[in-house]
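Peer 1: Structure file my_file-v5.pdb (PDB, C-alpha atoms) is given on the next line.
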MODEL        1
ATOM      1  CA  MET A   1       0.000   0.000   0.000
ATOM      2  CA  LEU A   2       1.367   3.416  -1.007
ATOM      3  CA  LEU A   3       0.500   6.903   0.143
ATOM      4  CA  THR A   4      -0.902   9.216  -2.527
ATOM      5  CA  GLU A   5       2.335  11.212  -2.808
ATOM      6  CA  HIS A   6       4.390   8.044  -3.144
ATOM      7  CA  GLN A   7       2.021   6.632  -5.762
ATOM      8  CA  GLU A   8       2.407   9.828  -7.833
ATOM      9  CA  GLN A   9       6.195   9.606  -7.576
ATOM     10  CA  TYR A  10       6.091   5.938  -8.554
ATOM     11  CA  ASP A  11       3.884   6.712 -11.547
ATOM     12  CA  ARG A  12       6.233   9.523 -12.660
ATOM     13  CA  ARG A  13       9.232   7.193 -12.528
ATOM     14  CA  HIS A  14       7.577   4.779 -14.928
ATOM     15  CA  GLU A  15       6.375   7.463 -17.305
ATOM     16  CA  PRO A  16       8.098   7.395 -20.698
ATOM     17  CA  PRO A  17      10.885  10.022 -20.717
ATOM     18  CA  GLY A  18      10.466  13.084 -22.825
ATOM     19  CA  THR A  19       6.678  13.275 -22.910
ATOM     20  CA  ARG A  20       5.640  16.671 -24.190
ATOM     21  CA  PRO A  21       4.252  19.101 -21.581
ATOM     22  CA  THR A  22       0.538  19.840 -21.605
ATOM     23  CA  ALA A  23      -0.907  23.268 -22.393
ATOM     24  CA  GLU A  24      -1.485  23.768 -18.674
ATOM     25  CA  GLU A  25       2.198  23.085 -17.939
ATOM     26  CA  PHE A  26       3.280  25.559 -20.622
ATOM     27  CA  THR A  27       0.970  28.066 -18.936
ATOM     28  CA  LEU A  28       2.720  27.401 -15.612
ATOM     29  CA  VAL A  29       6.086  28.152 -17.247
ATOM     30  CA  ARG A  30       4.781  31.397 -18.781
ATOM     31  CA  ASP A  31       3.136  32.475 -15.516
ATOM     32  CA  SER A  32       6.359  31.820 -13.641
ATOM     33  CA  VAL A  33       8.295  34.072 -16.024
ATOM     34  CA  VAL A  34       5.672  36.823 -15.770
ATOM     35  CA  LEU A  35       5.424  36.696 -11.959
ATOM     36  CA  ARG A  36       9.213  36.652 -11.475
ATOM     37  CA  ASN A  37       9.577  39.752 -13.627
ATOM     38  CA  MET A  38       6.623  41.450 -11.902
ATOM     39  CA  GLN A  39       8.256  40.796  -8.546
ATOM     40  CA  ILE A  40      11.528  42.359  -9.709
ATOM     41  CA  MET A  41       9.704  45.373 -11.155
ATOM     42  CA  VAL A  42       7.627  45.996  -8.013
ATOM     43  CA  GLU A  43      10.675  45.564  -5.737
ATOM     44  CA  ARG A  44      12.535  48.209  -7.754
ATOM     45  CA  SER A  45       9.521  50.485  -7.580
ATOM     46  CA  LEU A  46       9.385  50.026  -3.800
ATOM     47  CA  GLU A  47      13.066  51.000  -3.540
ATOM     48  CA  GLU A  48      12.459  54.122  -5.652
ATOM     49  CA  ILE A  49       9.490  55.114  -3.490
ATOM     50  CA  GLY A  50      11.647  54.673  -0.382
ATOM     51  CA  LEU A  51      14.207  57.100  -1.764
ATOM     52  CA  SER A  52      11.676  59.720  -2.827
ATOM     53  CA  SER A  53      10.372  62.623  -0.779
ATOM     54  CA  HIS A  54       6.841  62.366  -2.132
ATOM     55  CA  LEU A  55       3.968  63.634  -0.006
ATOM     56  CA  LEU A  56       2.079  60.307  -0.187
ATOM     57  CA  LYS A  57       5.177  58.177   0.303
ATOM     58  CA  LYS A  58       3.669  56.098   3.136
ATOM     59  CA  LEU A  59       0.529  55.337   1.127
ATOM     60  CA  TYR A  60       2.488  54.342  -1.977
ATOM     61  CA  THR A  61       4.811  52.184   0.122
ATOM     62  CA  ALA A  62       1.914  50.412   1.837
ATOM     63  CA  VAL A  63       0.054  49.694  -1.405
ATOM     64  CA  THR A  64       3.213  48.591  -3.185
ATOM     65  CA  GLN A  65       4.034  46.265  -0.295
ATOM     66  CA  LEU A  66       0.531  44.735  -0.504
ATOM     67  CA  VAL A  67       1.005  44.132  -4.228
ATOM     68  CA  LEU A  68       4.447  42.637  -3.626
ATOM     69  CA  ASN A  69       3.039  40.319  -0.960
ATOM     70  CA  ARG A  70       0.323  39.136  -3.364
ATOM     71  CA  ILE A  71       2.877  38.505  -6.121
ATOM     72  CA  SER A  72       5.114  36.594  -3.710
ATOM     73  CA  THR A  73       2.210  34.443  -2.536
ATOM     74  CA  ASP A  74       1.156  33.664  -6.107
ATOM     75  CA  LEU A  75       4.741  32.923  -7.142
ATOM     76  CA  TYR A  76       5.259  30.604  -4.164
ATOM     77  CA  ALA A  77       2.102  28.642  -5.005
ATOM     78  CA  LEU A  78       3.154  28.465  -8.647
ATOM     79  CA  GLN A  79       6.644  27.214  -7.745
ATOM     80  CA  ARG A  80       5.143  24.505  -5.528
ATOM     81  CA  GLU A  81       2.897  23.387  -8.385
ATOM     82  CA  MET A  82       5.850  23.340 -10.784
ATOM     83  CA  LYS A  83       7.900  21.291  -8.335
ATOM     84  CA  LYS A  84       5.005  18.890  -7.910
ATOM     85  CA  ARG A  85       4.884  18.445 -11.702
ATOM     86  CA  SER A  86       8.691  18.167 -12.007
ATOM     87  CA  ILE A  87       9.104  21.363 -14.022
ATOM     88  CA  LYS A  88      12.376  23.258 -13.738
ATOM     89  CA  LEU A  89      12.932  26.685 -15.284
ATOM     90  CA  THR A  90      16.225  28.545 -15.773
ATOM     91  CA  ASN A  91      17.244  31.761 -17.522
ATOM     92  CA  ASP A  92      18.915  31.149 -20.849
ATOM     93  CA  GLU A  93      19.691  34.250 -22.920
ATOM     94  CA  GLN A  94      18.406  37.553 -24.251
ATOM     95  CA  ALA A  95      18.509  38.269 -27.957
ATOM     96  CA  ASP A  96      16.793  40.943 -30.063
ATOM     97  CA  ASN A  97      14.109  41.887 -27.522
ATOM     98  CA  VAL A  98      13.308  38.242 -26.776
ATOM     99  CA  LEU A  99      13.949  36.614 -23.396
ATOM    100  CA  TYR A 100      14.676  32.894 -23.572
ATOM    101  CA  PHE A 101      14.303  30.404 -20.745
ATOM    102  CA  ARG A 102      15.171  26.717 -20.583
ATOM    103  CA  PHE A 103      12.700  24.393 -18.973
ATOM    104  CA  VAL A 104      12.668  20.704 -18.203
ATOM    105  CA  CYS A 105       9.339  18.956 -17.723
ATOM    106  CA  ARG A 106       9.457  15.234 -16.907
ATOM    107  CA  GLY A 107      12.571  14.736 -19.000
ATOM    108  CA  TYR A 108      11.383  16.872 -21.921
ATOM    109  CA  GLU A 109      13.750  19.805 -22.462
ATOM    110  CA  ASP A 110      12.896  22.889 -24.473
ATOM    111  CA  ARG A 111      13.332  26.642 -24.691
ATOM    112  CA  PHE A 112      10.607  29.161 -24.001
ATOM    113  CA  GLY A 113      10.882  32.607 -25.544
ATOM    114  CA  ILE A 114       8.823  35.695 -24.851
ATOM    115  CA  MET A 115       9.146  39.127 -26.413
ATOM    116  CA  ARG A 116       9.790  41.997 -24.029
ATOM    117  CA  GLU A 117       6.719  43.893 -25.271
ATOM    118  CA  ALA A 118       4.480  40.874 -24.715
ATOM    119  CA  LEU A 119       5.962  40.396 -21.243
ATOM    120  CA  ARG A 120       5.396  44.073 -20.376
ATOM    121  CA  ALA A 121       1.818  43.934 -21.649
ATOM    122  CA  GLU A 122       1.071  40.791 -19.632
ATOM    123  CA  MET A 123       2.661  42.286 -16.514
ATOM    124  CA  SER A 124       0.654  45.481 -16.947
ATOM    125  CA  LEU A 125      -2.616  43.571 -17.287
ATOM    126  CA  ARG A 126      -1.916  41.390 -14.260
ATOM    127  CA  LEU A 127      -0.744  44.300 -12.159
ATOM    128  CA  GLY A 128      -3.904  46.241 -13.007
ATOM    129  CA  ALA A 129      -6.089  43.257 -12.132
ATOM    130  CA  MET A 130      -4.172  42.706  -8.899
ATOM    131  CA  VAL A 131      -4.539  46.350  -7.809
ATOM    132  CA  THR A 132      -8.259  46.308  -8.666
ATOM    133  CA  GLU A 133      -8.695  43.124  -6.630
ATOM    134  CA  LEU A 134      -6.805  44.591  -3.664
ATOM    135  CA  LEU A 135      -8.902  47.775  -3.794
ATOM    136  CA  SER A 136     -12.148  45.798  -3.792
ATOM    137  CA  GLU A 137     -10.890  43.771  -0.805
ATOM    138  CA  LEU A 138     -10.027  46.982   1.048
ATOM    139  CA  LYS A 139     -13.476  48.440   0.272
ATOM    140  CA  GLN A 140     -15.157  45.307   1.628
ATOM    141  CA  LYS A 141     -13.113  45.516   4.812
ATOM    142  CA  ALA A 142     -14.021  49.194   5.211
ATOM    143  CA  ASN A 143     -17.756  48.483   4.952
TER     144      ASN A 143
ENDMDL
END
Kindly transcribe the structure held in the file into structure tokens.
Peer 2:
Amino acid sequence: MLLTEHQEQYDRRHEPPGTRPTAEEFTLVRDSVVLRNMQIMVERSLEEIGLSSHLLKKLYTAVTQLVLNRISTDLYALQREMKKRSIKLTNDEQADNVLYFRFVCRGYEDRFGIMREALRAEMSLRLGAMVTELLSELKQKAN
């Protein structure tokens, strides 16, 4: 008799090597790239706010910290899911406005490329959605 986790590990060991990742696993790789870059961008923004002498510095810092916490939570959950599915992601190279990443998924190795403009657009959309969600949560708490 095997525990569920052990059964999954046993099944993975006997899976044929090099099986192509599913669409959902490719989505996990893309989301990981987007969230990592969002985290870097928001951390830099937080540092810049800390150095400024803006009138609403405390407000901007608090909101930015909330966004950073949400990104970190999402990224942690995503990394756990990737580990569970045996997906590893590493930086590869940058060429002509394209960022390349190597990933290994159950023995299948490939490169994932994303254009900087597409990455920025995706980050902007997610950041906007995240801020909207945080604002609605704060409004609910206030009522």
Peer 1: Looking at all atoms listed in the file, which of A:Val33, A:Leu46, A:Leu51, A:Leu28 is the one that sits closest to Ile114 (chain A)?
Peer 2: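 Looking at the shortest contact to Ile114 (chain A), the residue is A:Val33.
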Peer 1: Go ahead and compute the interatomic distance for CA of Val98 (chain A) and CA of Phe26 (chain A), in Å to one decimal.
Peer 2: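 These two atoms are separated by 17.3 Å.
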Peer 1: Quick one: apply the PyMOL selection byres ((chain A and resi 117) around 12) to the file and drop the selected residues here as number ranges by chain.
Peer 2: A: 34, 96-99, 114-116, 118-124
Peer 1: Within 12 Å of region 85-88 of chain A, which residues of region 19-67 of chain A come that close, and what is the closest atom pair and distance in Å for each? Count all atoms listed in the file and give it as JSON lines.
Peer 2:
{"residue": "A:Arg20", "atom": "CA", "partner": "A:Ile87", "partner_atom": "CA", "distance": 11.7}
{"residue": "A:Pro21", "atom": "CA", "partner": "A:Ile87", "partner_atom": "CA", "distance": 9.3}
{"residue": "A:Thr22", "atom": "CA", "partner": "A:Arg85", "partner_atom": "CA", "distance": 10.9}
{"residue": "A:Glu24", "atom": "CA", "partner": "A:Arg85", "partner_atom": "CA", "distance": 10.8}
{"residue": "A:Glu25", "atom": "CA", "partner": "A:Ile87", "partner_atom": "CA", "distance": 8.1}
{"residue": "A:Phe26", "atom": "CA", "partner": "A:Ile87", "partner_atom": "CA", "distance": 9.8}
{"residue": "A:Thr27", "atom": "CA", "partner": "A:Ile87", "partner_atom": "CA", "distance": 11.6}
{"residue": "A:Leu28", "atom": "CA", "partner": "A:Ile87", "partner_atom": "CA", "distance": 8.9}
{"residue": "A:Val29", "atom": "CA", "partner": "A:Ile87", "partner_atom": "CA", "distance": 8.1}
{"residue": "A:Arg30", "atom": "CA", "partner": "A:Ile87", "partner_atom": "CA", "distance": 11.9}
{"residue": "A:Ser32", "atom": "CA", "partner": "A:Lys88", "partner_atom": "CA", "distance": 10.5}
{"residue": "A:Val33", "atom": "CA", "partner": "A:Lys88", "partner_atom": "CA", "distance": 11.8}
Peer 1: Which residues fall under the PyMOL selection byres ((chain A and resi 60-67) around 9) in this file, as a short mmCIF file (atom, residue, chain, number, x, y, z; two decimals) with C-alpha atoms, in the coordinates of the input?
Peer 2:
data_model
loop_
_atom_site.label_atom_id
_atom_site.label_comp_id
_atom_site.auth_asym_id
_atom_site.auth_seq_id
_atom_site.Cartn_x
_atom_site.Cartn_y
_atom_site.Cartn_z
CA VAL A 42 7.63 46.00 -8.01
CA GLU A 43 10.68 45.56 -5.74
CA SER A 45 9.52 50.48 -7.58
CA LEU A 46 9.38 50.03 -3.80
CA ILE A 49 9.49 55.11 -3.49
CA GLY A 50 11.65 54.67 -0.38
CA LEU A 56 2.08 60.31 -0.19
CA LYS A 57 5.18 58.18 0.30
CA LYS A 58 3.67 56.10 3.14
CA LEU A 59 0.53 55.34 1.13
CA LEU A 68 4.45 42.64 -3.63
CA ASN A 69 3.04 40.32 -0.96
CA ARG A 70 0.32 39.14 -3.36
CA ILE A 71 2.88 38.51 -6.12
CA SER A 72 5.11 36.59 -3.71
CA LEU A 127 -0.74 44.30 -12.16
CA MET A 130 -4.17 42.71 -8.90
CA VAL A 131 -4.54 46.35 -7.81
CA LEU A 134 -6.80 44.59 -3.66
#
Peer 1: Select, from A:Leu35, A:Met41, A:Val104, A:Leu55, the residue with the minimum atom-to-atom distance to Asp74 (chain A), counting all atoms listed in the file.
Peer 2: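 Closest to Asp74 (chain A), using all atoms listed in the file: A:Leu35.
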Peer 1: Between CA of Leu125 (chain A) and CA of Phe112 (chain A), measure the distance and give it in Å to one decimal.
Peer 2: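 For CA of Leu125 (chain A) relative to CA of Phe112 (chain A), the distance reads 20.7 Å.
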Peer 1: Distance CA of Tyr108 (chain A)-CA of Asn37 (chain A), one decimal place?
Peer 2: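 Computing the Euclidean distance for CA of Tyr108 (chain A) and CA of Asn37 (chain A) yields 24.4 Å.
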Peer 1: Hey, what comes out of the PyMOL selection byres ((chain A and resi 90) around 7) on this file? Could you write it as an MDAnalysis selection string?
Peer 2: chainID A and resid 88:89 91:92 101:103
